[in-house]
Amino acid sequence: MTESAPHARALTKDTQLCISLAARPSNIGTRFHNYLYAALGLDYVYKAFTTTDLTGAITGIRALGIRGCGVSMPFKEAVIPLVDSLDPSAEAITSVNTIVNTRGHLRAYNTDYLAIAHLLAERRIPATSSVAVRGSGGMAQAVVAALHDAGFAAVTVVARNPESGPALAARYGASWTPDLGTDHPDVLVNATPIGMAGGPQAGDLPFDDDAIRAAEVAFDVVAMPAETPFVRHARDLGLPTITGAEVIALQAAEQFALYTGIRPSEDLVARAAEYSRA
């Protein structure tokens with residue numbers, strides 16, 4: 001049964017606005033945050049945006065007193081010069097997914113890292129597993145950093161970019177390759193937009209069929225759709241999966257706490273996540 005939304009409060013002149021910035025906005029974060037605001041009786045509202053003027057958008061957050069902003073691809077690194085300070089969670093991986101505005105001071109965080117670390121521990125993936133992470137952008141940095149901090153030693157960054165790929169691998173003691181080739185790691189992680197709804201590669205797989213069949217775990221950070229072609233193919237083969245929908249729910253709960261100062265219960269987060277995907 002699909003979770004129904006609680007009754008929302010009427011907007012007032014004092015309503016706090018939180019937003020998100022993404023190349024291809026979805027309804028997931030909007031529905032998640034607004035569900036929690038309504039359930040907890042908070043005078044907040046959340047709205048998703050895209051932009052071709054990132055500097056102007058961040059200036060607007062400060063100028064208009066917008067309380068918080070979720071940051072998605074491709075803005076996770078580009079926003080760094082535009083904020084006032086970095087939390088250690090963002091500074092450690094040079095990637096931002098959350099901005100909090102406190103009286104005009106913009107502080108940046110990364111809750112993706114926290115969500116990924118939680119899921120790796122919760123699923124009890126052995127740190128002895130070999131792992132291939134496709135991508136070298138902001139989300140890939142969060143994944144590789146979480147793997148490194150959890151003790152995974154056999155990590156390969158699979159990225160065609162000859163600058164960002166080797167740089168990411170070197171930062172965390174991983175290997176780099178532009179193409180996985182015939183290698184068959186135990187864990188496959190997609191940290192690229194491949195498979196994202198509405199994107200140019202919406203129907204593609206981030207790894208070839210042989211690699212997926214040989215894997216023990218498939219992990220996709222793409223949240224829209226909840227079941228990407230990679231996740232669907234892995235499930236059809238009987239593989240355990242971790243989905244971008246799980247990542248986005250956990251990281252959004254951390255964002256919610258930063259914006260409001262309130263940490264929702266696990267049950268309430270689960271209900272908000274169900275509603276967000278409906």
# chains A, B, ... in the order shown; residues from 1 in each chain; ligands from 1

$ residues_around --residues "Val71 (chain A)" --least-positions-apart "5" --cutoff "12 Å" --atoms "only C-alpha atoms" --output "number ranges by chain"
A: 18-25, 29, 48-51, 54, 57-58, 76-80, 90, 95-100, 108-112, 138-139, 248, 251-252, 255

$ write_last_selection --atoms "C-alpha atoms" --output "compact mmCIF listing (two decimals), in the first residue's frame"
# COMPACT_ATOMS: atom_id res chain seq x y z
CA CYS A 18 14.86 24.73 1.10
CA ILE A 19 15.76 23.83 -2.48
CA SER A 20 17.80 21.47 -4.59
CA LEU A 21 19.94 22.07 -7.68
CA ALA A 22 20.42 19.33 -10.26
CA ALA A 23 20.90 18.99 -14.00
CA ARG A 24 17.77 16.81 -14.17
CA PRO A 25 15.63 17.42 -11.06
CA GLY A 29 13.82 14.90 -2.69
CA ALA A 48 13.62 21.35 -6.82
CA PHE A 49 15.35 23.54 -9.42
CA THR A 50 17.85 23.33 -12.23
CA THR A 51 20.05 26.16 -13.45
CA LEU A 54 25.21 28.29 -10.79
CA ALA A 57 21.72 30.46 -7.99
CA ILE A 58 24.11 30.31 -5.03
CA LYS A 76 28.94 18.91 -6.56
CA GLU A 77 32.43 20.29 -7.15
CA ALA A 78 31.59 23.50 -8.99
CA VAL A 79 29.83 24.98 -5.93
CA ILE A 80 32.92 24.78 -3.71
CA ALA A 90 32.86 17.85 2.17
CA SER A 95 32.61 17.32 -3.09
CA VAL A 96 29.41 18.97 -1.85
CA ASN A 97 25.83 17.74 -1.77
CA THR A 98 24.35 20.01 0.91
CA ILE A 99 24.55 23.74 1.63
CA VAL A 100 23.21 25.26 4.85
CA ALA A 108 28.83 22.99 2.64
CA TYR A 109 28.52 19.33 3.68
CA ASN A 110 28.53 15.91 2.03
CA THR A 111 25.89 13.51 3.34
CA ASP A 112 26.37 11.10 0.40
CA GLY A 138 31.60 13.94 -6.87
CA MET A 139 29.58 10.80 -6.15
CA ILE A 248 19.14 9.23 -1.47
CA GLN A 251 21.50 11.23 2.72
CA ALA A 252 18.26 13.22 2.59
CA GLN A 255 20.16 16.92 5.08

$ closest_atom_pairs --of "region 78-141 of chain A" --to "region 165-188 of chain A" --cutoff "9 Å" --atoms "only C-alpha atoms" --output "tab-separated table"
residue	atom	partner	partner_atom	distance
A:Ile125	CA	A:Val187	CA	8.8
A:Ser129	CA	A:Asp186	CA	5.7
A:Ser130	CA	A:Pro185	CA	5.1
A:Val131	CA	A:Val187	CA	4.6
A:Ala132	CA	A:Leu188	CA	5.1
A:Val133	CA	A:Leu188	CA	6.3
A:Arg134	CA	A:Leu188	CA	8.0
A:Gly135	CA	A:Gly165	CA	7.5
A:Ser136	CA	A:Gly165	CA	5.3
A:Gly137	CA	A:Gly165	CA	8.6
A:Ala140	CA	A:Leu168	CA	8.5
A:Gln141	CA	A:Leu168	CA	6.9

$ write_last_selection --atoms "N, CA and C atoms" --output "PDB file, in the first residue's frame"
ATOM      1  N   ILE A 125      29.276  -6.051   3.662  1.00  0.00           N
ATOM      2  CA  ILE A 125      30.119  -6.415   2.521  1.00  0.00           C
ATOM      3  C   ILE A 125      31.553  -6.553   3.020  1.00  0.00           C
ATOM      4  N   SER A 129      36.701  -7.781  -0.202  1.00  0.00           N
ATOM      5  CA  SER A 129      36.150  -7.836  -1.559  1.00  0.00           C
ATOM      6  C   SER A 129      36.910  -6.906  -2.493  1.00  0.00           C
ATOM      7  N   SER A 130      37.070  -7.324  -3.739  1.00  0.00           N
ATOM      8  CA  SER A 130      37.583  -6.422  -4.769  1.00  0.00           C
ATOM      9  C   SER A 130      36.413  -5.597  -5.301  1.00  0.00           C
ATOM     10  N   VAL A 131      36.667  -4.318  -5.566  1.00  0.00           N
ATOM     11  CA  VAL A 131      35.594  -3.391  -5.931  1.00  0.00           C
ATOM     12  C   VAL A 131      36.002  -2.560  -7.146  1.00  0.00           C
ATOM     13  N   ALA A 132      35.081  -2.417  -8.091  1.00  0.00           N
ATOM     14  CA  ALA A 132      35.260  -1.495  -9.210  1.00  0.00           C
ATOM     15  C   ALA A 132      34.230  -0.385  -9.087  1.00  0.00           C
ATOM     16  N   VAL A 133      34.699   0.863  -9.093  1.00  0.00           N
ATOM     17  CA  VAL A 133      33.823   2.033  -9.024  1.00  0.00           C
ATOM     18  C   VAL A 133      33.907   2.760 -10.348  1.00  0.00           C
ATOM     19  N   ARG A 134      32.803   2.784 -11.086  1.00  0.00           N
ATOM     20  CA  ARG A 134      32.806   3.501 -12.368  1.00  0.00           C
ATOM     21  C   ARG A 134      32.452   4.955 -12.138  1.00  0.00           C
ATOM     22  N   GLY A 135      33.334   5.844 -12.580  1.00  0.00           N
ATOM     23  CA  GLY A 135      33.117   7.275 -12.432  1.00  0.00           C
ATOM     24  C   GLY A 135      34.249   7.925 -11.671  1.00  0.00           C
ATOM     25  N   SER A 136      34.370   9.252 -11.815  1.00  0.00           N
ATOM     26  CA  SER A 136      35.411   9.985 -11.095  1.00  0.00           C
ATOM     27  C   SER A 136      34.926  11.358 -10.644  1.00  0.00           C
ATOM     28  N   GLY A 137      33.604  11.544 -10.629  1.00  0.00           N
ATOM     29  CA  GLY A 137      33.028  12.807 -10.189  1.00  0.00           C
ATOM     30  C   GLY A 137      32.758  12.832  -8.700  1.00  0.00           C
ATOM     31  N   ALA A 140      31.418   9.564  -7.134  1.00  0.00           N
ATOM     32  CA  ALA A 140      32.482   8.560  -7.120  1.00  0.00           C
ATOM     33  C   ALA A 140      33.468   8.838  -5.990  1.00  0.00           C
ATOM     34  N   GLN A 141      33.760  10.102  -5.751  1.00  0.00           N
ATOM     35  CA  GLN A 141      34.650  10.455  -4.650  1.00  0.00           C
ATOM     36  C   GLN A 141      34.064  10.005  -3.312  1.00  0.00           C
TER      37      GLN A 141
END

$ atom_distance --atom1 "CA of His118 (chain A)" --atom2 "CA of Ser72 (chain A)"
19.6 Å

$ atom_distance --atom1 "CA of Phe256 (chain A)" --atom2 "CA of Leu147 (chain A)"
24.6 Å

$ atom_distance --atom1 "CA of Leu82 (chain A)" --atom2 "CA of Gly56 (chain A)"
9.9 Å

$ closest_residue --among "A:Ala142, A:Pro200, A:Val221, A:Thr260" --to "Gly41 (chain A)" --atoms "only C-alpha atoms"
A:Thr260

$ closest_residue --among "A:Glu227, A:Asp43, A:Glu274, A:Glu246" --to "Gly203 (chain A)" --atoms "only C-alpha atoms"
A:Glu227

$ select_by_dssp --residues "region 131-167 of chain A" --states "alpha helix (DSSP H)" --output "JSON, numbers by chain"
{"A": [138, 139, 140, 141, 142, 143, 144, 145, 146, 147, 148, 149, 164, 165, 166, 167]}

$ residues_around --residues "Val222 (chain A)" --least-positions-apart "6" --cutoff "10 Å" --atoms "only C-alpha atoms" --output "ChimeraX atom specification"
/A:139,190-197,228,230-231,243-248

$ residues_around --residues "region 262-268 of chain A" --least-positions-apart "3" --cutoff "12 Å" --atoms "only C-alpha atoms" --output "list in words"
Glu3, Ala5, Pro6, Phe32, His33, Tyr35, Leu36, Tyr37, Ala38, Ala39, Leu40, Gly41, Leu42, Ala249, Leu250, Ala252, Ala253, Glu254, Gln255, Phe256, Ala257, Leu258, Tyr259, Arg271, Ala272, Ala273, Glu274 and Tyr275 of chain A

$ select_by_dssp --residues "region 154-201 of chain A" --states "strand (DSSP E)" --output "compact mmCIF listing (two decimals) with C-alpha atoms, in the first residue's frame"
# COMPACT_ATOMS: atom_id res chain seq x y z
CA VAL A 155 39.51 -0.80 -5.21
CA THR A 156 39.72 0.16 -8.88
CA VAL A 157 38.45 3.46 -10.27
CA VAL A 158 37.09 2.89 -13.78
CA SER A 175 44.03 1.59 -8.87
CA TRP A 176 42.83 3.31 -12.04
CA THR A 177 41.88 2.00 -15.43
CA VAL A 187 31.53 -5.62 -6.12
CA LEU A 188 30.47 -3.30 -8.96
CA VAL A 189 29.53 0.30 -8.16
CA ASN A 190 28.07 2.69 -10.70

$ closest_residue --among "A:Ala10, A:Ala223, A:Ala159, A:Ala92" --to "Pro206 (chain A)" --atoms "only C-alpha atoms"
A:Ala159
